[in-house]
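Notes to accompany the following structure.
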Amino acid sequence: MNSSLPSQPDFRPPVCYGSLKLASRYLLSPLAGYTNLPFRRIVREIGGVGLATTDLVNARGLLEGSAKTLQLIQTCPEDTPFAVQIFGNDPKQMQEAAQLLQDRDVDSIDINMGCPVNRIVKGGAGASMMCHPDKTIALVQSVVESVKIPVSVKMRLGWDDHNLSAPFFAREFEQVGVVAVAIHGRTREQGFRGSVNHDGIRQVVEAVQSIPVIGNGDVTSIADADYMLKTTGCAGVSIGRGALANPWIFHQLVQWEQTGQCDPPGKFDDRLELLLRQFRYLLEMTTEHRAISMFRKMGHWYLKSMRVMPALRHQFQCAQNLKEFEEAINTISAKGPRSGSRNGILPDMHIPVPGGAVERW
């Protein structure tokens with residue numbers, strides 16, 4: 001148990017996305033290349049996740065039946081409640097994609113209005129939707145009215161510091177039937193530079209009447225989540241990179257909320273077992289070659305958090321087949337962490353954010 005945690009929070013009512021009641025107020029953020037079914041499965045098995053959302057899904061690719069796009073929305077009975085995040089700028093395509101997802105028994109649909117990546121923004125989707133208020137509100141309303149399942153929106157605070165339009169959009173979206181909004185506390189211009197603007201998120205909370213606002217950005221610990229909840233008044237917290245570094249974070253947050261204490265995250269061998277389990281889930285979905293290629297990014301997070309020495313991480317990243325993958329894992333298992341104890345709490349890892357000029361992403 002950890003006695004240095006923030007004090008146990010006061011009771012808060014459950015978070016509901018319309019008629020969908022979430023099991024906790026701690027949500028897995030959609031992260032490109034990471035929040036696929038294998039990762040959602042392992043964080044759900046650990047426990048504490050209120051809602052898990054896919055990587056962003058191209059509405060047009062979904063309607064065209066793209067194999068890669070359909071893989072993004074793969075699910076299983078244990079993966080619930082389950083939301084799919086769609087992006088696009090064509091109202092008809094967005095409506096039809098939402099209807100297709102409803103027919104596949106998705107629990108909720110999230111509209112991406114926050115992605116800062118240039119290829120998404122140039123196509124008129126993601127964060128660029130914040131630059132076209134009338135068109136965007138009409139598109140969102142058309143999606144809401146096309147389905148019976150809950151529709152939420154994730155956005156940034158605005159395009160830049162001169163256009164902090166999230167409070168306006170949140171108010172308008174509530175009027176057209178959106179059940180929740182998630183706010184990343186930075187502008188598109190910021191990318192991931194600087195600090196999350198908690199006051200900006202609070203302004204969004206104050207702009208709506210009754211729908212939940214979910215705070216997002218730089219939450220990597222219980223203390224971060226506590227600060228987000230207290231300073232913004234948000235109903236819940238969405239966690240991305242913090243969950244990659246520590247898949248136990250949702251379970252820890254629920255324990256803290258219920259008891260004021262929590263168990264430590266997994267030890268070296270716990271993390272190794274989780275890595276292998278997630279990789280096995282990925283092998284069930286695709287070929288050996290593709291699974292190894294797809295898992296390199298996720299493996300990096302595991303091995304960094306396990307304090308594996310750089311040379312062994314490099315060996316893992318160079319694996320081309322299952323034999324080489326298993327050889328790398330066996331060596332890593334035998335060597336253990338380069339710092340900290342194999343059977344104790346590992347040192348916290350530095351959690352990096354995307355760098356460089358946002359215009360080049």
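Following the order of the structure tokens, chains are lettered A, B, ..., residues in each are numbered from 1, and ligands are numbered from 1.
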Checklist entry - Hey, what's within 8 Å of A:Leu31 if we count only C-alpha atoms and toss same-chain stuff fewer than 5 positions away? As a PyMOL selection string, please? => result chain A and resi 54-56+240
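Excluding stretch 98-112 of chain A and any residue on its chain fewer than 5 positions from it, the residues at most 6 Å away by only C-alpha atoms are Pro81, Phe82, Ala83, Val84, Gln85, Ile86, Phe87, Gly126, Val147, Ile149, Pro150, Val151, Ser152, Val153 and Lys154 of chain A.
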Next on the checklist: Please return, as a PyMOL selection string, all residues of stretch 61-297 of chain A that DSSP assigns to alpha helix (DSSP H) on the basis of the backbone.
Outcome noted: chain A and resi 61-64+67-72+91-103+118-122+133-146+166-175+198-207+222-232+241-245+249-259+268-285+288-297
Non-local contacts of A:Gly61 (10 Å; only C-alpha atoms; under 6 positions in same chain excluded) as a PDB file with N, CA, C and O atoms, in the first residue's frame:
```pdb
ATOM      1  N   ALA A  67      -9.615  -3.531 -44.791  1.00  0.00           N
ATOM      2  CA  ALA A  67      -9.244  -4.570 -43.823  1.00  0.00           C
ATOM      3  C   ALA A  67      -8.571  -3.961 -42.594  1.00  0.00           C
ATOM      4  O   ALA A  67      -8.844  -4.358 -41.462  1.00  0.00           O
ATOM      5  N   LYS A  68      -7.673  -2.993 -42.817  1.00  0.00           N
ATOM      6  CA  LYS A  68      -6.990  -2.356 -41.687  1.00  0.00           C
ATOM      7  C   LYS A  68      -7.970  -1.597 -40.806  1.00  0.00           C
ATOM      8  O   LYS A  68      -7.857  -1.595 -39.577  1.00  0.00           O
ATOM      9  N   THR A  69      -8.945  -0.942 -41.439  1.00  0.00           N
ATOM     10  CA  THR A  69      -9.932  -0.188 -40.671  1.00  0.00           C
ATOM     11  C   THR A  69     -10.822  -1.129 -39.873  1.00  0.00           C
ATOM     12  O   THR A  69     -11.102  -0.884 -38.693  1.00  0.00           O
ATOM     13  N   LEU A  70     -11.251  -2.210 -40.491  1.00  0.00           N
ATOM     14  CA  LEU A  70     -12.105  -3.170 -39.780  1.00  0.00           C
ATOM     15  C   LEU A  70     -11.366  -3.818 -38.617  1.00  0.00           C
ATOM     16  O   LEU A  70     -11.976  -4.141 -37.589  1.00  0.00           O
ATOM     17  N   GLY A  88     -13.787  12.267 -39.835  1.00  0.00           N
ATOM     18  CA  GLY A  88     -14.150  12.561 -41.215  1.00  0.00           C
ATOM     19  C   GLY A  88     -14.789  13.935 -41.269  1.00  0.00           C
ATOM     20  O   GLY A  88     -15.099  14.537 -40.233  1.00  0.00           O
ATOM     21  N   GLN A  93     -21.074  10.414 -44.851  1.00  0.00           N
ATOM     22  CA  GLN A  93     -20.184   9.307 -44.506  1.00  0.00           C
ATOM     23  C   GLN A  93     -20.145   9.083 -42.992  1.00  0.00           C
ATOM     24  O   GLN A  93     -20.141   7.935 -42.535  1.00  0.00           O
ATOM     25  N   ALA A  97     -21.311   5.665 -41.256  1.00  0.00           N
ATOM     26  CA  ALA A  97     -20.347   4.946 -40.429  1.00  0.00           C
ATOM     27  C   ALA A  97     -20.921   4.705 -39.031  1.00  0.00           C
ATOM     28  O   ALA A  97     -20.776   3.618 -38.459  1.00  0.00           O
TER      29      ALA A  97
END
```
Checklist entry - Between A:Lys148, A:Arg202, A:Arg307, A:Arg40, which is the closest to A:Met228 once you count only C-alpha atoms? => result A:Arg202
Item to check | Residue among A:Cys262, A:Ala166, A:Leu28, A:Val140 lying closest to A:Val219, counting only C-alpha atoms | outcome: A:Leu28
